[in-house]
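*Asks:* Coordinates in model-v5.cif, mmCIF, C-alpha atoms and all ligand atoms, are listed below.
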data_final
#
loop_
_atom_site.label_atom_id
_atom_site.label_comp_id
_atom_site.auth_asym_id
_atom_site.auth_seq_id
_atom_site.Cartn_x
_atom_site.Cartn_y
_atom_site.Cartn_z
CA MET A 1121 -23.88 1.28 116.32
CA PHE A 1122 -21.60 4.33 116.09
CA LYS A 1123 -21.04 3.58 112.41
CA ILE A 1124 -20.62 7.28 111.80
CA LEU A 1125 -17.42 7.07 113.87
CA HIS A 1126 -15.90 4.15 111.99
CA PRO A 1127 -13.33 4.78 109.27
CA ASP A 1128 -13.55 2.92 105.97
CA MET A 1129 -9.89 2.09 106.22
CA CYS A 1130 -7.11 2.14 108.84
CA VAL A 1131 -3.46 2.55 107.84
CA ASN A 1132 -0.26 3.30 109.70
CA SER A 1133 0.56 6.50 107.83
CA VAL A 1134 -0.33 8.37 104.65
CA LEU A 1135 2.51 6.45 103.01
CA ASP A 1136 0.43 3.28 103.33
CA ILE A 1137 -2.67 4.65 101.59
CA PRO A 1138 -3.38 2.48 98.54
CA VAL A 1139 -3.53 5.46 96.18
CA GLU A 1140 -3.61 3.37 93.00
CA GLU A 1141 -6.39 1.13 94.27
CA LEU A 1142 -8.41 4.18 95.31
CA ARG A 1143 -7.85 5.77 91.92
CA GLN A 1144 -9.38 2.67 90.33
CA ASN A 1145 -12.40 3.38 92.52
CA ARG A 1146 -12.44 6.97 91.21
CA ILE A 1147 -11.07 8.51 94.39
CA THR A 1148 -8.40 11.01 93.35
CA SER A 1149 -8.60 13.79 95.93
CA PHE A 1150 -7.33 13.74 99.49
CA ILE A 1151 -8.35 16.03 102.30
CA LEU A 1152 -5.43 15.74 104.69
CA ASP A 1153 -5.37 16.53 108.39
CA LEU A 1154 -2.23 18.32 109.57
CA ASP A 1155 -1.22 17.51 113.15
CA ASN A 1156 -0.07 13.94 113.63
CA THR A 1157 -1.08 13.08 110.06
CA MET A 1158 1.26 15.15 107.85
CA THR A 1159 3.53 16.47 110.61
CA GLU A 1160 4.22 15.68 114.22
CA TRP A 1161 2.00 17.58 116.58
CA ASN A 1162 2.55 21.35 116.30
CA SER A 1163 5.71 20.94 114.23
CA ASN A 1164 6.34 22.63 110.88
CA GLU A 1165 8.77 19.93 109.81
CA VAL A 1166 7.54 17.54 107.16
CA ARG A 1167 9.39 14.27 106.70
CA PRO A 1168 11.00 13.93 103.26
CA GLU A 1169 9.07 10.74 102.51
CA ILE A 1170 5.78 12.55 103.15
CA ILE A 1171 6.80 15.42 100.84
CA ALA A 1172 7.67 12.79 98.21
CA TRP A 1173 4.28 11.10 98.70
CA VAL A 1174 2.43 14.38 98.05
CA ASP A 1175 4.66 15.15 95.04
CA LYS A 1176 3.94 11.75 93.52
CA LEU A 1177 0.22 12.14 94.17
CA LYS A 1178 0.19 15.45 92.30
CA GLU A 1179 2.37 14.15 89.46
CA THR A 1180 -0.08 11.31 88.88
CA GLY A 1181 -3.09 13.64 88.67
CA GLY A 1182 -4.23 13.47 92.28
CA LYS A 1183 -5.29 16.46 94.34
CA ALA A 1184 -4.66 17.28 97.97
CA CYS A 1185 -5.74 19.92 100.47
CA ILE A 1186 -4.80 20.32 104.12
CA VAL A 1187 -7.75 20.88 106.43
CA SER A 1188 -6.82 21.73 109.99
CA ASN A 1189 -8.42 23.27 113.04
CA ASN A 1190 -5.03 24.83 113.81
CA LYS A 1191 -4.15 28.51 113.22
CA GLU A 1192 -3.27 29.99 109.83
CA SER A 1193 0.44 30.66 110.36
CA ARG A 1194 1.08 27.02 111.07
CA VAL A 1195 -1.20 25.44 108.47
CA LYS A 1196 0.00 27.84 105.78
CA ALA A 1197 3.67 27.04 106.48
CA VAL A 1198 3.18 23.32 105.92
CA ALA A 1199 0.86 23.81 102.94
CA HIS A 1200 3.57 26.00 101.41
CA ILE A 1201 6.20 23.26 101.84
CA LEU A 1202 3.87 20.73 100.20
CA ASP A 1203 2.62 23.26 97.63
CA ILE A 1204 -1.04 22.39 98.15
CA PRO A 1205 -4.07 24.49 99.21
CA TYR A 1206 -5.27 24.61 102.81
CA VAL A 1207 -8.19 25.40 105.06
CA CYS A 1208 -7.22 26.59 108.54
CA ARG A 1209 -9.35 27.04 111.68
CA ALA A 1210 -11.59 24.70 109.77
CA GLY A 1211 -13.99 23.69 112.53
CA LYS A 1212 -13.85 19.95 111.86
CA PRO A 1213 -16.04 17.88 112.20
CA LEU A 1214 -18.47 20.49 110.84
CA ARG A 1215 -19.33 19.91 107.20
CA ARG A 1216 -18.40 23.42 106.13
CA ALA A 1217 -14.75 22.60 106.85
CA PHE A 1218 -14.80 19.89 104.21
CA ARG A 1219 -16.95 21.83 101.76
CA ARG A 1220 -14.34 24.59 101.78
CA ALA A 1221 -11.66 22.03 100.96
CA LEU A 1222 -13.71 20.54 98.11
CA GLU A 1223 -14.01 24.04 96.65
CA GLN A 1224 -10.24 24.50 96.91
CA VAL A 1225 -9.49 21.38 94.89
CA GLY A 1226 -12.61 21.39 92.71
CA SER A 1227 -13.64 17.87 93.66
CA LEU A 1228 -16.86 16.08 94.52
CA PRO A 1229 -17.36 14.20 97.81
CA GLU A 1230 -17.55 10.84 96.01
CA GLU A 1231 -14.09 11.31 94.52
CA THR A 1232 -12.53 12.49 97.77
CA SER A 1233 -11.08 10.77 100.80
CA VAL A 1234 -10.62 12.31 104.24
CA VAL A 1235 -7.37 11.29 105.91
CA GLY A 1236 -6.61 11.96 109.56
CA ASP A 1237 -5.60 10.60 112.94
CA GLN A 1238 -8.67 11.60 114.95
CA VAL A 1239 -12.00 9.83 114.98
CA PHE A 1240 -14.05 12.72 116.35
CA THR A 1241 -12.87 15.33 113.86
CA ASP A 1242 -11.49 13.65 110.74
CA VAL A 1243 -13.47 10.42 110.56
CA LEU A 1244 -16.75 11.79 111.90
CA GLY A 1245 -16.58 14.82 109.60
CA GLY A 1246 -15.68 12.75 106.54
CA ASN A 1247 -18.46 10.27 107.23
CA LEU A 1248 -20.98 13.10 107.69
CA MET A 1249 -19.99 14.28 104.20
CA GLY A 1250 -20.36 10.76 102.76
CA MET A 1251 -16.69 10.65 101.85
CA LEU A 1252 -14.33 7.73 102.17
CA THR A 1253 -12.54 7.99 105.51
CA ILE A 1254 -9.01 6.80 106.23
CA LEU A 1255 -7.74 6.76 109.81
CA VAL A 1256 -3.95 6.94 110.25
CA SER A 1257 -1.96 6.18 113.38
CA PRO A 1258 -0.71 9.40 114.99
CA LEU A 1259 2.81 10.29 113.80
CA ASN A 1260 3.85 11.17 117.31
CA PRO A 1261 2.25 10.40 120.68
CA ARG A 1262 3.07 13.95 121.82
CA GLU A 1263 -0.09 16.00 121.42
CA PHE A 1264 -2.49 18.33 123.14
CA PHE A 1265 -3.04 17.02 126.66
CA GLY A 1266 -6.85 17.08 126.48
CA THR A 1267 -6.83 15.11 123.24
CA ARG A 1268 -4.59 12.48 124.69
CA ILE A 1269 -6.57 11.76 127.82
CA PHE A 1270 -10.13 12.06 126.62
CA LEU A 1271 -10.37 11.34 122.94
CA ARG A 1272 -7.80 8.61 122.61
CA ASN A 1273 -9.58 6.46 125.17
CA LEU A 1274 -12.85 6.90 123.33
CA GLU A 1275 -11.17 6.26 120.00
CA ARG A 1276 -9.94 2.91 121.19
CA LEU A 1277 -13.57 1.79 121.17
CA VAL A 1278 -14.11 2.61 117.52
CA ARG A 1279 -10.65 2.25 115.97
CA ARG A 1280 -11.54 -0.40 113.48
CA PRO A 1281 -12.77 -0.05 109.93
CA LYS A 1282 -16.48 -0.54 109.30
CA MET A 1283 -15.71 -2.37 106.09
CA LYS A 1284 -12.85 -3.14 103.79
CA ILE A 1285 -12.37 -0.94 100.75
CA GLU A 1286 -12.72 -3.97 98.49
CA SER A 1287 -16.27 -4.54 99.65
CA ARG A 1288 -17.32 -0.91 99.32
CA THR A 1289 -19.70 -0.20 96.47
CA LEU A 1290 -18.53 2.94 94.72
MG MG B 1 -4.60 15.34 113.73
#
Output the file's structure in the form of structure tokens.

*Replies:*
Amino acid sequence: MFKILHPDMCVNSVLDIPVEELRQNRITSFILDLDNTMTEWNSNEVRPEIIAWVDKLKETGGKACIVSNNKESRVKAVAHILDIPYVCRAGKPLRRAFRRALEQVGSLPEETSVVGDQVFTDVLGGNLMGMLTILVSPLNPREFFGTRIFLRNLERLVRRPKMKIESRTL
């Protein structure tokens, strides 16, 4: 039940994503949430280790795109720092948000992973698209009040992976 809300994988942060292992399973593109995934909530500062992670991903042939429901000025600023494309006011979990990102990076759903800290936007949307979903722990507990109270309590019910990546047939 609620399988559509379960991520394929849970990690602490993007830094813990097993990029090499995913590459062996032909997943080379990453659709990245912004708030609490790549930056702290509503902050334009990106930690140096996260910039380095994106740089390494690109150097090794990987692709990345930020997809955020946040406004353009903010999403664009962070995308510029990371030098990757972006989709703002995306309307996650709607599928069109992710389709726009796939167009930006020129990737297919089966070679793309959706990475984010929220079950009801990132994980649900990625699962609706049939993409591998990776749930990260929020970078910072400070976030929009409504998200904190309502969604986080619901997320607690589903915050476990539906299967391990090793057992996934790709
Ligand atoms: Mg987020």

*Asks:* Would you list the residues that come within 10 Å of ligand MG 1 (chain B)? Count all atoms listed in the file and give the answer as a ChimeraX atom specification.

*Replies:* /A:1152-1162,1187-1190,1235-1239,1241-1242,1255-1259,1263,1267

*Asks:* I'd like the interatomic distance between CA of Ala1199 in chain A and CA of Glu1141 in chain A, to a tenth of an Å.

*Replies:*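 Between CA of Ala1199 in chain A and CA of Glu1141 in chain A the gap works out to 25.3 Å.
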
*Asks:* Just the number, please: distance in Å from CA of Phe1150 in chain A to CA of Glu1192 in chain A, one decimal.

*Replies:*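 CA of Glu1192 in chain A lies at a distance of 19.7 Å from CA of Phe1150 in chain A.
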
*Asks:* Mind pulling up the distance from CA of Ile1201 in chain A to CA of Ile1171 in chain A?

*Replies:* 7.9 Å

*Asks:* Fewer than 2 positions away in the same chain doesn't count, so skip those; otherwise give me all residues within 10 Å of Leu1222 in chain A, counting all atoms listed in the file, as a PyMOL selection string.

*Replies:* chain A and resi 1149-1151+1184-1185+1216-1220+1224-1229+1231-1232

*Asks:* What lies within 7 Å of Asn1164 in chain A using all atoms listed in the file, ignoring chain neighbours under 5 positions off, as a count of residues only?

*Replies:* 4

*Asks:* Given only C-alpha atoms as the basis, pick out the residue of A:Val1166, A:Ile1186, A:Ala1172, A:Leu1177 nearest to Ile1204 in chain A.

*Replies:*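 Going through A:Val1166, A:Ile1186, A:Ala1172, A:Leu1177 one by one, the smallest distance to Ile1204 in chain A is for A:Ile1186.
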
*Asks:* For each of A:Val1234, A:Ile1254, A:Gly1181, A:Lys1191, take the minimum atom-to-atom distance to Asn1132 in chain A, counting all atoms listed in the file, then give the residue where this is smallest.

*Replies:*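 Among A:Val1234, A:Ile1254, A:Gly1181, A:Lys1191, it is A:Ile1254 that comes nearest to Asn1132 in chain A.
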